[in-house]
file start-v3.pdb (PDB, C-alpha atoms)
ATOM      1  CA  PRO V   1      -4.482  -1.253  -6.855
ATOM      2  CA  VAL V   2      -4.147  -2.510  -3.319
ATOM      3  CA  VAL V   3      -1.727  -1.173  -0.732
ATOM      4  CA  MET V   4      -0.951  -3.762   1.916
ATOM      5  CA  ALA V   5      -0.662  -1.793   5.172
ATOM      6  CA  ALA V   6      -1.659  -4.305   7.834
ATOM      7  CA  GLY V   7       1.812  -5.460   8.818
ATOM      8  CA  CYS V   8       2.571  -5.297  12.521
ATOM      9  CA  GLY V   9       6.270  -4.558  12.254
ATOM     10  CA  SER V  10       7.073  -7.424  14.591
ATOM     11  CA  GLN V  11      10.760  -7.285  13.657
ATOM     12  CA  MET V  12      10.886  -3.647  14.742
ATOM     13  CA  PHE V  13       8.592  -3.803  17.747
ATOM     14  CA  GLU V  14      10.381  -1.020  19.625
ATOM     15  CA  LEU V  15       9.423   1.359  16.823
ATOM     16  CA  SER V  16       6.003  -0.019  15.947
ATOM     17  CA  SER V  17       4.496  -0.808  19.353
ATOM     18  CA  ASP V  18       2.548   2.488  19.389
ATOM     19  CA  THR V  19       2.628   3.350  15.697
ATOM     20  CA  PRO V  20       1.403   1.241  12.788
ATOM     21  CA  LYS V  21       4.394   0.055  10.749
ATOM     22  CA  CYS V  22       3.153   1.838   7.623
ATOM     23  CA  MET V  23       3.088   5.120   9.570
ATOM     24  CA  LEU V  24       6.754   4.940  10.591
ATOM     25  CA  PRO V  25       8.598   7.883   9.044
ATOM     26  CA  VAL V  26      11.150   7.878   6.265
ATOM     27  CA  ALA V  27      12.563  11.382   5.785
ATOM     28  CA  ASN V  28       9.815  12.679   8.114
ATOM     29  CA  THR V  29       7.071  11.173   5.937
ATOM     30  CA  PRO V  30       5.049   8.089   6.896
ATOM     31  CA  MET V  31       6.051   5.194   4.631
ATOM     32  CA  ILE V  32       2.524   4.628   3.362
ATOM     33  CA  TRP V  33       2.467   8.032   1.675
ATOM     34  CA  PHE V  34       5.259   6.981  -0.701
ATOM     35  CA  SER V  35       3.138   4.049  -1.945
ATOM     36  CA  VAL V  36      -0.125   5.969  -2.215
ATOM     37  CA  ASN V  37       1.492   8.989  -3.864
ATOM     38  CA  TYR V  38       3.275   6.649  -6.295
ATOM     39  CA  LEU V  39      -0.094   5.222  -7.356
ATOM     40  CA  ILE V  40      -1.627   8.689  -7.651
ATOM     41  CA  SER V  41       1.313   9.779  -9.829
ATOM     42  CA  HIS V  42       0.444   6.861 -12.141
ATOM     43  CA  LYS V  43      -3.116   8.216 -12.460
ATOM     44  CA  PHE V  44      -4.894   5.696 -10.245
ATOM     45  CA  GLU V  45      -8.060   7.246  -8.853
ATOM     46  CA  GLU V  46      -9.340   4.342  -6.747
ATOM     47  CA  ILE V  47      -7.063   2.640  -4.254
ATOM     48  CA  PHE V  48      -7.753  -0.080  -1.698
ATOM     49  CA  VAL V  49      -5.725  -0.012   1.502
ATOM     50  CA  VAL V  50      -5.690  -3.123   3.702
ATOM     51  CA  VAL V  51      -5.234  -2.101   7.344
ATOM     52  CA  ARG V  52      -5.665  -3.497  10.826
ATOM     53  CA  ARG V  53      -8.893  -2.262  12.395
ATOM     54  CA  ALA V  54      -7.129  -0.474  15.281
ATOM     55  CA  ALA V  55      -4.921   1.494  12.877
ATOM     56  CA  LYS V  56      -7.629   2.519  10.383
ATOM     57  CA  ASP V  57      -8.525   5.914  11.855
ATOM     58  CA  LYS V  58      -4.906   7.046  12.147
ATOM     59  CA  ILE V  59      -4.012   5.945   8.616
ATOM     60  CA  GLU V  60      -7.235   7.265   7.089
ATOM     61  CA  GLY V  61      -6.845  10.648   8.784
ATOM     62  CA  TYR V  62      -3.305  11.029   7.520
ATOM     63  CA  LEU V  63      -4.013   9.959   3.925
ATOM     64  CA  THR V  64      -7.183  12.064   3.711
ATOM     65  CA  SER V  65      -5.183  15.128   4.761
ATOM     66  CA  CYS V  66      -2.450  14.442   2.190
ATOM     67  CA  ILE V  67      -4.878  13.867  -0.680
ATOM     68  CA  ARG V  68      -6.839  16.997   0.195
ATOM     69  CA  LYS V  69      -3.614  19.025  -0.148
ATOM     70  CA  LEU V  70      -3.019  17.541  -3.608
ATOM     71  CA  GLU V  71      -6.505  18.548  -4.711
ATOM     72  CA  GLN V  72      -6.803  15.235  -6.576
ATOM     73  CA  ASP V  73      -9.961  13.237  -7.147
ATOM     74  CA  VAL V  74      -8.775  10.046  -5.466
ATOM     75  CA  HIS V  75     -10.964   7.595  -3.585
ATOM     76  CA  ILE V  76      -9.423   5.313  -0.991
ATOM     77  CA  GLU V  77     -11.402   2.387   0.331
ATOM     78  CA  TYR V  78     -10.116   0.870   3.542
ATOM     79  CA  VAL V  79     -10.408  -2.873   3.982
ATOM     80  CA  CYS V  80     -10.019  -3.780   7.637
ATOM     81  CA  ILE V  81      -8.746  -6.999   9.075
ATOM     82  CA  GLU V  82      -9.205  -7.787  12.723
ATOM     83  CA  ASP V  83      -6.273  -6.934  14.964
ATOM     84  CA  ASP V  84      -5.856 -10.494  16.178
ATOM     85  CA  ALA V  85      -6.209 -12.032  12.706
ATOM     86  CA  ASP V  86      -3.156 -13.820  11.409
ATOM     87  CA  LEU V  87      -3.778 -13.232   7.715
ATOM     88  CA  GLY V  88      -1.040 -13.226   5.140
ATOM     89  CA  THR V  89      -1.110 -11.273   1.910
ATOM     90  CA  ALA V  90      -3.138 -13.862  -0.014
ATOM     91  CA  ASP V  91      -5.798 -14.184   2.683
ATOM     92  CA  SER V  92      -6.056 -10.404   2.973
ATOM     93  CA  LEU V  93      -6.534 -10.114  -0.781
ATOM     94  CA  ARG V  94      -9.585 -12.381  -0.558
ATOM     95  CA  LEU V  95     -11.298  -9.488   1.216
ATOM     96  CA  VAL V  96     -10.522  -7.173  -1.704
ATOM     97  CA  ALA V  97     -11.057  -9.519  -4.670
ATOM     98  CA  PRO V  98     -14.873  -9.199  -4.851
ATOM     99  CA  LYS V  99     -14.488  -5.415  -5.206
ATOM    100  CA  THR V 100     -12.138  -5.549  -8.208
ATOM    101  CA  LYS V 101     -12.949  -5.818 -11.903
ATOM    102  CA  SER V 102      -9.667  -6.534 -13.711
ATOM    103  CA  ASP V 103      -5.954  -7.049 -13.150
ATOM    104  CA  LEU V 104      -4.925  -6.372  -9.594
ATOM    105  CA  LEU V 105      -1.796  -4.482  -8.644
ATOM    106  CA  VAL V 106      -0.623  -5.218  -5.103
ATOM    107  CA  ILE V 107       2.098  -3.185  -3.445
ATOM    108  CA  SER V 108       3.485  -3.017   0.038
ATOM    109  CA  SER V 109       3.022   0.084   2.155
ATOM    110  CA  ASP V 110       6.781   0.236   2.641
ATOM    111  CA  LEU V 111       7.522   0.427  -1.089
ATOM    112  CA  ILE V 112       9.657   3.371  -2.137
ATOM    113  CA  THR V 113      10.431   3.197  -5.854
ATOM    114  CA  LYS V 114      10.366   5.063  -9.133
ATOM    115  CA  VAL V 115       9.872   1.991 -11.347
ATOM    116  CA  SER V 116       7.464   2.664 -14.202
ATOM    117  CA  LEU V 117       4.192   0.887 -13.562
ATOM    118  CA  SER V 118       3.317   1.273 -17.239
ATOM    119  CA  GLU V 119       6.351  -0.778 -18.278
ATOM    120  CA  LEU V 120       5.618  -3.404 -15.630
ATOM    121  CA  ALA V 121       1.988  -3.682 -16.773
ATOM    122  CA  ASN V 122       3.069  -3.946 -20.403
ATOM    123  CA  VAL V 123       5.412  -6.854 -19.608
ATOM    124  CA  HIS V 124       2.658  -8.527 -17.590
ATOM    125  CA  ARG V 125       0.107  -8.263 -20.392
ATOM    126  CA  ALA V 126       2.541  -9.034 -23.231
ATOM    127  CA  ASN V 127       3.319 -12.353 -21.563
ATOM    128  CA  ASN V 128      -0.313 -13.038 -20.674
ATOM    129  CA  ALA V 129       0.968 -13.582 -17.149
ATOM    130  CA  ALA V 130      -1.117 -14.719 -14.232
ATOM    131  CA  LEU V 131       1.366 -13.084 -11.861
ATOM    132  CA  THR V 132       4.193 -10.606 -12.292
ATOM    133  CA  ALA V 133       6.506  -9.840  -9.393
ATOM    134  CA  LEU V 134       8.963  -7.012  -9.119
ATOM    135  CA  ILE V 135      11.678  -8.016  -6.692
ATOM    136  CA  ALA V 136      15.146  -6.855  -5.778
ATOM    137  CA  PRO V 137      18.016  -8.580  -4.041
ATOM    138  CA  ARG V 138      18.216  -8.065  -0.317
ATOM    139  CA  TYR V 139      20.866  -5.566   0.684
ATOM    140  CA  SER V 140      23.716  -7.043   2.684
ATOM    141  CA  PRO V 141      26.121  -4.514   4.150
ATOM    142  CA  PRO V 142      29.793  -5.190   3.411
TER     143      PRO V 142
END

call {"tool": "encode", "arguments": {"input": "start-v3.pdb", "output": "structure tokens"}}
result
Amino acid sequence: PVVMAAGCGSQMFELSSDTPKCMLPVANTPMIWFSVNYLISHKFEEIFVVVRRAAKDKIEGYLTSCIRKLEQDVHIEYVCIEDDADLGTADSLRLVAPKTKSDLLVISSDLITKVSLSELANVHRANNAALTALIAPRYSPP
């Protein structure tokens, strides 16, 4: 799986000017941990994380510390994009594609969910799909 963590948080610049967007806290926990821990809970042992070069050390240090506490055998490979690069998700995935061997699961670093990945994968494969997207309606306050 790939965790997309290179977003700049341009719509929340006041919060993300000094902190990578994926490291902004939700309930005192950086958002990226929810995504990575979700993958670990689904028994993934190798995870790619796409990050901006300037943020790599901060993100890697945090995730390494968290995984060490879990005492899990998980390998994270960081794929860096240049800080001034204007790459979207598809372009960023081109950097990861040569390192993968089968279906590719891509999630955002700000994903917080309990959806069963097994069920999602089963639907994907049962329909021989090229792409399966899990989306939700955007919340609009009353």

call {"tool": "resolve_selection", "arguments": {"input": "start-v3.pdb", "expression": "the PyMOL selection byres ((chain V and resi 17-33) around 12)", "output": "PyMOL selection string"}}
result
chain V and resi 2-16+34-41+49-67+83+107-113

call {"tool": "resolve_selection", "arguments": {"input": "start-v3.pdb", "expression": "the PyMOL selection byres ((chain V and resi 74) around 6)", "output": "MDAnalysis selection string"}}
result
chainID V and resid 45:46 72:73 75

call {"tool": "residues_around", "arguments": {"input": "start-v3.pdb", "residues": "region 96-99 of chain V", "least_positions_apart": "3", "cutoff": "10 Å", "atoms": "all atoms listed in the file", "output": "list in words"}}
result
Pro1, Val2, Phe48, Val49, Val50, Glu77, Tyr78, Val79, Cys80, Asp91, Ser92, Leu93, Ser102 and Leu104 of chain V

call {"tool": "closest_residue", "arguments": {"input": "start-v3.pdb", "among": "V:Ala85, V:Ile47, V:Leu95, V:Leu105", "to": "Thr132 (chain V)", "atoms": "all atoms listed in the file"}}
result
V:Leu105

call {"tool": "atom_distance", "arguments": {"input": "start-v3.pdb", "atom1": "CA of Leu87 (chain V)", "atom2": "CA of Lys114 (chain V)"}}
result
28.6 Å

call {"tool": "atom_distance", "arguments": {"input": "start-v3.pdb", "atom1": "CA of Ile81 (chain V)", "atom2": "CA of Val115 (chain V)"}}
result
29.1 Å

call {"tool": "closest_residue", "arguments": {"input": "start-v3.pdb", "among": "V:Asn122, V:Thr89, V:Thr100, V:Ser116", "to": "His42 (chain V)", "atoms": "only C-alpha atoms"}}
result
V:Ser116

call {"tool": "atom_distance", "arguments": {"input": "start-v3.pdb", "atom1": "CA of Ile135 (chain V)", "atom2": "CA of Asp86 (chain V)"}}
result
24.1 Å

call {"tool": "closest_residue", "arguments": {"input": "start-v3.pdb", "among": "V:Asn128, V:Ser118, V:Val123, V:Pro142", "to": "Lys43 (chain V)", "atoms": "all atoms listed in the file"}}
result
V:Ser118

call {"tool": "axis_aligned_box", "arguments": {"input": "start-v3.pdb", "around": "region 96-109 of chain V", "padding_each_side": "6 Å", "output": "lines of an AutoDock Vina configuration file"}}
result
center_x = -5.7
center_y = -4.7
center_z = -5.8
size_x = 30.4
size_y = 21.6
size_z = 27.9
